[in-house]
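Everything on this sheet refers to the single structure shown next.
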Amino acid sequence: MSGLKSTSLSRMLYSFLLITLLTGCSESRKKVSTKYDIRDFPNILNIKNAPEKSVDWSAFSFSDMGAWFSFALPNEDSSTTKVGSFPGPFLMTHGKWLSKSLISFQPEIIGININGAVKLDRPTEVKITSFPGLLNESWMLDDIAFQSDLCFVSNRCAIMRLIIDNRGNETELINLSIVGSVFENMASITPNGNSVKGTIKGDGYSFKIKIPQKLQTMVTVSDDSLFYKISLKEPIELGSESTYEIPVLFVFESDSGDFEKNESLVNSALALPGNVFLANQDRWNGYLNDVLQVKSEWSDKKEYQDIAVKSLITLVNNWRSSSAALHHDGLIPSYAVSYFNGFWGWDSWKHSVAIARFETNLAKDQIRAMFDYQDKDGMIIDCIFRDPKENNARDSKPPLAAWSVLEVFRHSNDIGFLKEMYDKLYAYHYWWYKNRDHDGNGLCEYGSTDGTKEAAMWESGWDDAVRFDDAGMVKNNDGAWSVDQESADLNSYLYVDKLCLATIADQIYKVEDANRFRDEAEILKKLLQENMFDENTGFFYDRRIKDGSLVMVKDPGGWVPLWAKVATNEQAAKVKEVMRDTTVFNTTVPFPTVSKDNPKFMSGYWRGAVWIDQAYFGVKALEYYGYEKEAKEMAYKLFDNTEGLKNCSDPIRENYDPISGKGLRVNNFSWSAAHYLLMFRGE
């Protein structure tokens, strides 16, 4: 039987067309020289596992292009139930594994001995490898080499292929089957032409497993509809030194009409699988070179390049495409827990800044996704989900949106994007002053729409921060309450917001607006300098509304004014000393979220653990005031002393223990990855 054979001619004829078709999502990415290749970075993140049940959050996997599903790699051993298969998929839409292995290649060499068919149950030279953007398995049996690869075709489709290479001197006959099963109560499988399809139980989501239409197959499905087998009707006749290639596609319908929308792409991928993988490698090599080709303290050192690549993969893993009530693509905080399966405000601003260099269109869409839910008064709500009933409109998040838009513009030079966003950013900026400045003195507070202190603390992003322990709530107007203290970090962010809006206004010829924003920024700078800094302790603090006294809790709010460049040089020098004190913030992993000498240190979520976004603000704060040596020393501690980050394939964590360096809470966390990437690049 003749198979699908890749030749150099077919690659030359079709590569350009398919690469253009398959990389449209990154068409705005600048082309740079390909100094780095995906094969320079094997197994940066460990995704070798197999889920034993549908709910298994300990098993990690790989996703790409905004897909709502992911696949893993098997562990290396000699078992044919694992080699030639990719565990999964894991469905982010459900927070469950559909299968332990939905697609598994099972080849059999037809021998001439009396035993007939000989199953490949003892492969040798087994190699299981994840590269950026590519999963790869290879093994040998006698003179026959097998290679199985997986990459993503689109946000709804992944492709697997099996390549069989006869390196011997004799023609071989090989039977080939593709088998798989689903976990009980997850789905039911039915035949679909020469392939199969499945329906997820309970909600009507569906999937297809497709092979080229020209192939003649026998399809069997078990009585309980949990298992299928697709067998080629004729054996593969493989001559000496010849190669056979067969693609299999997994297509997931998470929204109505996904199959139809992906049909032409699916057919192209089945016709030319080799070019799909070439296109994928081209895109990922572009990512790597965009990220790594920079001059910084860390850029020429392989162990730190690996951290940057780990950060890149983490961010792409958490990319989700527009679906249901999410109208634009964006990044979730982490796929490794169910409750982070949406988009958050200040997460989105930070993600966009980090990804703007290598995936500019995605960076824009991440911002747009949050503004899709901007209310009539200008508020950006806390978080949004595929199911809008899960959205949280009780609070907003710290105002870093204009900073994010301007950083995206710096990489895209897209004036149209600035024009698109300006009025929305303008409305959001002044929403704070209309709804979060209780006494109208120009210094804002965090708050909530429902009057609860819980939601107000969420608005700060520091869910249980020590600085709010003794705070109360005050009403501003209908649907707007504040905590009774003005926050140093919030007003520093608003200062940056004003300057960014002024720059955007300049770019789109709104000169009056630009001048007003700069004038307001100068006023706010003086308010911060004169009202929120304590000379005796040399630090910035929140300020109580009722009497102007300071909330004397040392936390990252004290160095955010330096990141925002609102501190005087004299104030910055004092803050630097506090930051560098080993009894306060200069811990094993520096920049804890409350000072080490606070009695409540390490007593909660934002009560001492190191969050990398706040640590990043600390590093940049020191740099901006000329303390580059000190900034570098503390940045090295962030890279070198965090568990599982350097010289290790463990995932990047949500936060870290400041004393031991132990990784804490959620795995594969986006904004930690985002800020490690920014620090690596020196940005």
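Following the order of the structure tokens, first chain is A, next is B, and so on, with residues numbered from 1 inside each chain and ligands from 1 in the order they appear.
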Neighbouring residues of stretch 613-622 of chain A were defined as those with any atom within 7 Å, considering only C-alpha atoms; residues of the same chain fewer than 2 positions away were excluded. Please report them as a compact mmCIF listing (two decimals) with N, CA and C atoms, in the first residue's frame.
```
# COMPACT_ATOMS: atom_id res chain seq x y z
N PRO A 556 5.40 46.04 49.64
CA PRO A 556 5.84 46.54 48.32
C PRO A 556 5.28 47.89 47.95
N TRP A 559 7.91 50.59 47.75
CA TRP A 559 8.88 50.81 46.66
C TRP A 559 8.21 51.03 45.30
N VAL A 560 6.90 50.82 45.21
CA VAL A 560 6.22 51.12 43.95
C VAL A 560 6.37 52.59 43.56
N LEU A 562 8.97 54.30 43.75
CA LEU A 562 10.26 54.39 43.05
C LEU A 562 10.13 53.83 41.63
N TRP A 563 9.38 52.72 41.49
CA TRP A 563 9.13 52.19 40.14
C TRP A 563 8.42 53.24 39.30
N LYS A 576 15.80 52.62 49.48
CA LYS A 576 16.81 51.62 49.09
C LYS A 576 17.42 50.92 50.29
N PHE A 591 12.27 40.65 48.47
CA PHE A 591 11.03 41.38 48.23
C PHE A 591 9.77 40.63 48.71
N TRP A 611 5.93 37.52 45.55
CA TRP A 611 5.26 37.51 44.26
C TRP A 611 6.19 38.19 43.26
N TYR A 624 15.98 52.44 38.48
CA TYR A 624 15.56 53.76 38.02
C TYR A 624 16.21 54.89 38.80
N TYR A 625 16.65 54.61 40.02
CA TYR A 625 17.31 55.65 40.82
C TYR A 625 18.83 55.45 40.87
N GLY A 626 19.35 54.67 39.93
CA GLY A 626 20.79 54.54 39.77
C GLY A 626 21.46 53.48 40.62
N TYR A 627 20.67 52.67 41.32
CA TYR A 627 21.25 51.63 42.17
C TYR A 627 21.32 50.31 41.39
N GLU A 628 22.07 50.34 40.30
CA GLU A 628 22.08 49.19 39.38
C GLU A 628 22.78 47.98 39.98
N ALA A 631 20.37 46.45 42.41
CA ALA A 631 19.26 45.83 41.67
C ALA A 631 19.69 44.49 41.08
N ALA A 635 18.21 40.80 41.84
CA ALA A 635 17.66 40.05 40.71
C ALA A 635 18.29 38.67 40.63
N TRP A 671 1.93 35.32 35.45
CA TRP A 671 2.58 36.61 35.67
C TRP A 671 3.97 36.44 36.29
N SER A 672 4.21 35.34 36.99
CA SER A 672 5.58 35.06 37.43
C SER A 672 6.47 34.88 36.20
N HIS A 675 7.17 38.26 34.39
CA HIS A 675 8.15 39.17 34.99
C HIS A 675 9.55 38.58 35.01
```
Enumerate, in order of chain and increasing residue number, the residues of stretch 445-513 of chain A with an atom no farther than 12 Å from stretch 408-411 of chain A, each with its shortest atom pair and distance in Å to one decimal, counting only C-alpha atoms, as a Markdown table.
```
| residue | atom | partner | partner_atom | distance |
| --- | --- | --- | --- | --- |
| A:Cys500 | CA | A:Phe409 | CA | 11.2 |
| A:Thr503 | CA | A:Phe409 | CA | 11.0 |
| A:Ile504 | CA | A:Phe409 | CA | 9.3 |
| A:Gln507 | CA | A:Phe409 | CA | 10.4 |
```
Writer output for current selection, C-alpha atoms, as a PDB file, in the first residue's frame:
```pdb
ATOM      1  CA  CYS A 500       1.275  57.091  29.745  1.00  0.00           C
ATOM      2  CA  THR A 503       2.280  60.109  25.771  1.00  0.00           C
ATOM      3  CA  ILE A 504      -0.595  58.366  23.978  1.00  0.00           C
ATOM      4  CA  GLN A 507       0.880  60.331  19.542  1.00  0.00           C
TER       5      GLN A 507
END
```
I'd like to know which residues of stretch 429-616 of chain A are helix (DSSP H, G or I) (by DSSP, run on the backbone); could you write them as an NGL selection string?
:A and (429-435 or 453-460 or 466-468 or 488-507 or 511-531 or 556-558 or 560-563 or 569-580 or 612-616)
Take the residues just selected and output them with C-alpha atoms as a PDB file, in the first residue's frame.
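This went into out_24.pdb:
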```pdb
ATOM      1  CA  HIS A 429      -8.574  56.619  34.503  1.00  0.00           C
ATOM      2  CA  TYR A 430     -11.171  59.109  35.633  1.00  0.00           C
ATOM      3  CA  TRP A 431     -13.454  56.366  36.927  1.00  0.00           C
ATOM      4  CA  TRP A 432     -10.983  56.058  39.803  1.00  0.00           C
ATOM      5  CA  TYR A 433     -11.346  59.715  40.765  1.00  0.00           C
ATOM      6  CA  LYS A 434     -15.138  59.652  40.500  1.00  0.00           C
ATOM      7  CA  ASN A 435     -15.527  56.458  42.548  1.00  0.00           C
ATOM      8  CA  LYS A 453     -13.942  44.992  52.481  1.00  0.00           C
ATOM      9  CA  GLU A 454     -13.206  41.609  50.915  1.00  0.00           C
ATOM     10  CA  ALA A 455     -13.839  42.920  47.387  1.00  0.00           C
ATOM     11  CA  ALA A 456     -11.926  46.121  48.185  1.00  0.00           C
ATOM     12  CA  MET A 457      -8.846  44.091  49.137  1.00  0.00           C
ATOM     13  CA  TRP A 458      -9.274  42.069  45.956  1.00  0.00           C
ATOM     14  CA  GLU A 459      -9.232  45.360  44.037  1.00  0.00           C
ATOM     15  CA  SER A 460      -5.750  46.019  45.389  1.00  0.00           C
ATOM     16  CA  VAL A 466      -1.538  43.083  56.337  1.00  0.00           C
ATOM     17  CA  ARG A 467      -1.942  46.809  55.560  1.00  0.00           C
ATOM     18  CA  PHE A 468      -5.730  46.345  55.369  1.00  0.00           C
ATOM     19  CA  ALA A 488       0.796  54.508  48.011  1.00  0.00           C
ATOM     20  CA  ASP A 489       0.923  51.888  45.289  1.00  0.00           C
ATOM     21  CA  LEU A 490      -2.476  52.810  43.797  1.00  0.00           C
ATOM     22  CA  ASN A 491      -1.604  56.486  43.511  1.00  0.00           C
ATOM     23  CA  SER A 492       1.805  55.640  42.073  1.00  0.00           C
ATOM     24  CA  TYR A 493       0.085  53.533  39.415  1.00  0.00           C
ATOM     25  CA  LEU A 494      -2.270  56.441  38.701  1.00  0.00           C
ATOM     26  CA  TYR A 495       0.747  58.727  38.307  1.00  0.00           C
ATOM     27  CA  VAL A 496       2.203  56.336  35.703  1.00  0.00           C
ATOM     28  CA  ASP A 497      -1.246  56.111  34.115  1.00  0.00           C
ATOM     29  CA  LYS A 498      -1.326  59.896  33.676  1.00  0.00           C
ATOM     30  CA  LEU A 499       2.100  60.001  32.055  1.00  0.00           C
ATOM     31  CA  CYS A 500       1.275  57.091  29.745  1.00  0.00           C
ATOM     32  CA  LEU A 501      -2.005  58.725  28.756  1.00  0.00           C
ATOM     33  CA  ALA A 502      -0.116  61.960  28.076  1.00  0.00           C
ATOM     34  CA  THR A 503       2.280  60.109  25.771  1.00  0.00           C
ATOM     35  CA  ILE A 504      -0.595  58.366  23.978  1.00  0.00           C
ATOM     36  CA  ALA A 505      -2.400  61.694  23.618  1.00  0.00           C
ATOM     37  CA  ASP A 506       0.731  63.175  22.054  1.00  0.00           C
ATOM     38  CA  GLN A 507       0.880  60.331  19.542  1.00  0.00           C
ATOM     39  CA  VAL A 511      -2.274  68.120  22.782  1.00  0.00           C
ATOM     40  CA  GLU A 512      -4.675  69.624  25.317  1.00  0.00           C
ATOM     41  CA  ASP A 513      -5.258  66.250  26.943  1.00  0.00           C
ATOM     42  CA  ALA A 514      -1.528  65.544  27.033  1.00  0.00           C
ATOM     43  CA  ASN A 515      -0.755  68.811  28.781  1.00  0.00           C
ATOM     44  CA  ARG A 516      -3.552  68.301  31.320  1.00  0.00           C
ATOM     45  CA  PHE A 517      -2.358  64.793  32.168  1.00  0.00           C
ATOM     46  CA  ARG A 518       1.196  66.033  32.732  1.00  0.00           C
ATOM     47  CA  ASP A 519       0.000  68.871  34.933  1.00  0.00           C
ATOM     48  CA  GLU A 520      -2.100  66.436  36.978  1.00  0.00           C
ATOM     49  CA  ALA A 521       0.876  64.078  37.251  1.00  0.00           C
ATOM     50  CA  GLU A 522       3.043  66.818  38.765  1.00  0.00           C
ATOM     51  CA  ILE A 523       0.369  67.585  41.350  1.00  0.00           C
ATOM     52  CA  LEU A 524       0.007  63.905  42.230  1.00  0.00           C
ATOM     53  CA  LYS A 525       3.765  63.470  42.515  1.00  0.00           C
ATOM     54  CA  LYS A 526       3.933  66.203  45.150  1.00  0.00           C
ATOM     55  CA  LEU A 527       0.968  64.726  47.042  1.00  0.00           C
ATOM     56  CA  LEU A 528       2.751  61.386  47.218  1.00  0.00           C
ATOM     57  CA  GLN A 529       6.073  62.878  48.234  1.00  0.00           C
ATOM     58  CA  GLU A 530       4.594  65.127  50.912  1.00  0.00           C
ATOM     59  CA  ASN A 531       1.828  62.947  52.365  1.00  0.00           C
ATOM     60  CA  PRO A 556       5.839  46.535  48.323  1.00  0.00           C
ATOM     61  CA  GLY A 557       3.651  49.633  48.328  1.00  0.00           C
ATOM     62  CA  GLY A 558       6.702  51.364  49.751  1.00  0.00           C
ATOM     63  CA  VAL A 560       6.223  51.117  43.945  1.00  0.00           C
ATOM     64  CA  PRO A 561       6.641  54.943  44.124  1.00  0.00           C
ATOM     65  CA  LEU A 562      10.257  54.393  43.047  1.00  0.00           C
ATOM     66  CA  TRP A 563       9.132  52.190  40.143  1.00  0.00           C
ATOM     67  CA  ASN A 569      16.325  61.204  45.186  1.00  0.00           C
ATOM     68  CA  GLU A 570      16.606  61.625  48.954  1.00  0.00           C
ATOM     69  CA  GLN A 571      13.482  59.552  49.563  1.00  0.00           C
ATOM     70  CA  ALA A 572      14.684  56.871  47.138  1.00  0.00           C
ATOM     71  CA  ALA A 573      18.019  56.598  48.954  1.00  0.00           C
ATOM     72  CA  LYS A 574      16.209  55.869  52.215  1.00  0.00           C
ATOM     73  CA  VAL A 575      13.815  53.381  50.612  1.00  0.00           C
ATOM     74  CA  LYS A 576      16.805  51.616  49.086  1.00  0.00           C
ATOM     75  CA  GLU A 577      18.315  51.078  52.520  1.00  0.00           C
ATOM     76  CA  VAL A 578      15.079  49.492  53.767  1.00  0.00           C
ATOM     77  CA  MET A 579      14.864  47.266  50.693  1.00  0.00           C
ATOM     78  CA  ARG A 580      18.470  46.105  51.114  1.00  0.00           C
ATOM     79  CA  ILE A 612       7.476  38.003  41.224  1.00  0.00           C
ATOM     80  CA  ASP A 613       5.523  40.966  39.868  1.00  0.00           C
ATOM     81  CA  GLN A 614       6.163  42.959  43.055  1.00  0.00           C
ATOM     82  CA  ALA A 615       9.772  41.774  43.093  1.00  0.00           C
ATOM     83  CA  TYR A 616      10.119  43.002  39.499  1.00  0.00           C
TER      84      TYR A 616
END
```
Do you know which residues are at most 8 Å from A:Ala356 counting only C-alpha atoms, after dropping those on the same chain fewer than 5 positions away, and could you put them as an MDAnalysis selection string?
chainID A and resid 361:364 407:408 411:412
Residues from last step as file, N, CA and C atoms, as a compact mmCIF listing (two decimals), in the first residue's frame:
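The result, stored in part-v4.txt:
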```
# COMPACT_ATOMS: atom_id res chain seq x y z
N ASN A 361 -0.03 40.70 18.40
CA ASN A 361 -1.48 40.68 18.23
C ASN A 361 -2.17 40.09 19.46
N LEU A 362 -1.56 39.06 20.03
CA LEU A 362 -2.11 38.48 21.26
C LEU A 362 -2.07 39.50 22.39
N ALA A 363 -0.98 40.26 22.49
CA ALA A 363 -0.87 41.29 23.53
C ALA A 363 -2.00 42.30 23.40
N LYS A 364 -2.31 42.70 22.17
CA LYS A 364 -3.42 43.64 21.96
C LYS A 364 -4.74 43.01 22.38
N GLU A 407 3.30 50.03 26.17
CA GLU A 407 4.35 49.04 25.94
C GLU A 407 4.07 48.22 24.69
N VAL A 408 2.81 47.88 24.46
CA VAL A 408 2.44 47.15 23.24
C VAL A 408 2.73 48.03 22.02
N HIS A 411 6.28 48.05 20.77
CA HIS A 411 6.70 46.91 19.95
C HIS A 411 5.96 46.82 18.62
N SER A 412 4.79 47.44 18.53
CA SER A 412 3.98 47.31 17.31
C SER A 412 3.99 48.57 16.44
```
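Atom pair atom CA of A:Ser296 / atom CA of A:Ser130: separated by 27.0 Å.
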Surrounding residues of A:Lys637 excluding itself and chain neighbours under 3 positions, 10 Å, only C-alpha atoms, as a PyMOL selection string:
chain A and resi 586-590+632-634+640-642+661
I want to know what sits within 7 Å of A:Leu176, based on only C-alpha atoms, with residues of the same chain fewer than 6 positions away left out; could you give that as number ranges by chain?
A: 106-108, 231-232
Polymer residues at most 7 Å from A:Ile545, only C-alpha atoms, same-chain spacing of 4 or more positions, as number ranges by chain:
A: 484-486
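If you measure from each of A:Asn289, A:Thr582, A:Ser61, A:Asn267 to A:Gly88 using only C-alpha atoms, the closest one turns out to be A:Ser61.
For the atom pair formed by atom CA of A:Leu288 and atom CA of A:Ser138, the distance is 24.1 Å, given to one decimal.
Restricting the calculation to only C-alpha atoms, the smallest distance between A:Leu443 and any of A:Met532, A:Ile164, A:Met552, A:Ile384 is found for A:Met532.
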Quick one: everything within 6 Å of A:Leu326, counting only C-alpha atoms, minus sequence neighbours fewer than 3 positions away in the same chain. Send it as a PyMOL selection string.
chain A and resi 322-323+386
Check the DSSP output for the backbone and give back, as a PDB file with N, CA and C atoms, in the first residue's frame, the residues of stretch 364-516 of chain A in strand (DSSP E).
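And here's out01.pdb as it stands now:
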```
ATOM      1  N   CYS A 383     -12.535  40.299  36.822  1.00  0.00           N
ATOM      2  CA  CYS A 383     -12.191  39.127  36.015  1.00  0.00           C
ATOM      3  C   CYS A 383     -13.384  38.679  35.182  1.00  0.00           C
ATOM      4  N   ILE A 384     -13.068  38.001  34.061  1.00  0.00           N
ATOM      5  CA  ILE A 384     -14.091  37.546  33.123  1.00  0.00           C
ATOM      6  C   ILE A 384     -13.818  36.100  32.732  1.00  0.00           C
ATOM      7  N   GLU A 445      -8.302  55.617  46.848  1.00  0.00           N
ATOM      8  CA  GLU A 445      -8.312  54.425  47.695  1.00  0.00           C
ATOM      9  C   GLU A 445      -8.792  53.229  46.871  1.00  0.00           C
ATOM     10  N   TYR A 446      -8.411  52.043  47.301  1.00  0.00           N
ATOM     11  CA  TYR A 446      -9.030  50.839  46.744  1.00  0.00           C
ATOM     12  C   TYR A 446     -10.427  50.703  47.335  1.00  0.00           C
ATOM     13  N   GLY A 447     -11.335  50.032  46.592  1.00  0.00           N
ATOM     14  CA  GLY A 447     -12.697  49.906  47.087  1.00  0.00           C
ATOM     15  C   GLY A 447     -13.463  48.802  46.398  1.00  0.00           C
ATOM     16  N   SER A 448     -14.783  48.903  46.463  1.00  0.00           N
ATOM     17  CA  SER A 448     -15.638  47.861  45.904  1.00  0.00           C
ATOM     18  C   SER A 448     -16.964  48.459  45.466  1.00  0.00           C
ATOM     19  N   MET A 473     -14.554  50.639  55.925  1.00  0.00           N
ATOM     20  CA  MET A 473     -15.119  51.011  54.631  1.00  0.00           C
ATOM     21  C   MET A 473     -15.899  52.319  54.752  1.00  0.00           C
ATOM     22  N   VAL A 474     -15.819  53.140  53.698  1.00  0.00           N
ATOM     23  CA  VAL A 474     -16.593  54.376  53.629  1.00  0.00           C
ATOM     24  C   VAL A 474     -17.315  54.421  52.287  1.00  0.00           C
ATOM     25  N   LYS A 475     -18.521  54.995  52.292  1.00  0.00           N
ATOM     26  CA  LYS A 475     -19.308  55.063  51.061  1.00  0.00           C
ATOM     27  C   LYS A 475     -19.007  56.358  50.311  1.00  0.00           C
ATOM     28  N   ASN A 476     -18.814  56.235  49.000  1.00  0.00           N
ATOM     29  CA  ASN A 476     -18.548  57.389  48.149  1.00  0.00           C
ATOM     30  C   ASN A 476     -19.801  57.840  47.410  1.00  0.00           C
ATOM     31  N   ASN A 477     -20.491  56.897  46.796  1.00  0.00           N
ATOM     32  CA  ASN A 477     -21.748  57.154  46.097  1.00  0.00           C
ATOM     33  C   ASN A 477     -22.444  55.818  45.898  1.00  0.00           C
ATOM     34  N   ALA A 480     -20.385  52.600  45.007  1.00  0.00           N
ATOM     35  CA  ALA A 480     -18.952  52.866  45.130  1.00  0.00           C
ATOM     36  C   ALA A 480     -18.574  53.098  46.588  1.00  0.00           C
ATOM     37  N   TRP A 481     -17.727  52.226  47.106  1.00  0.00           N
ATOM     38  CA  TRP A 481     -17.188  52.335  48.460  1.00  0.00           C
ATOM     39  C   TRP A 481     -15.665  52.300  48.388  1.00  0.00           C
ATOM     40  N   SER A 482     -15.017  52.812  49.412  1.00  0.00           N
ATOM     41  CA  SER A 482     -13.556  52.764  49.527  1.00  0.00           C
ATOM     42  C   SER A 482     -13.164  52.218  50.890  1.00  0.00           C
ATOM     43  N   VAL A 483     -11.985  51.611  50.953  1.00  0.00           N
ATOM     44  CA  VAL A 483     -11.376  51.410  52.265  1.00  0.00           C
ATOM     45  C   VAL A 483     -10.980  52.794  52.771  1.00  0.00           C
ATOM     46  N   ASP A 484     -10.864  52.939  54.070  1.00  0.00           N
ATOM     47  CA  ASP A 484     -10.636  54.280  54.624  1.00  0.00           C
ATOM     48  C   ASP A 484      -9.154  54.648  54.698  1.00  0.00           C
ATOM     49  N   GLN A 485      -8.398  54.227  53.673  1.00  0.00           N
ATOM     50  CA  GLN A 485      -6.999  54.627  53.596  1.00  0.00           C
ATOM     51  C   GLN A 485      -6.573  54.747  52.129  1.00  0.00           C
ATOM     52  N   GLU A 486      -5.798  55.768  51.842  1.00  0.00           N
ATOM     53  CA  GLU A 486      -5.271  56.016  50.500  1.00  0.00           C
ATOM     54  C   GLU A 486      -3.984  55.214  50.345  1.00  0.00           C
TER      55      GLU A 486
END
```
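Relative to atom CA of A:Gly663, atom CA of A:Phe585 is found at 17.9 Å.
If you measure from each of A:Glu76, A:Asp395, A:Asp464, A:Asp439 to A:Asp547 using only C-alpha atoms, the closest one turns out to be A:Asp439.
Proximity ranking of A:Gln281, A:Ser670, A:Thr314, A:Ser321 relative to A:Met65 places A:Ser321 first, based on only C-alpha atoms.
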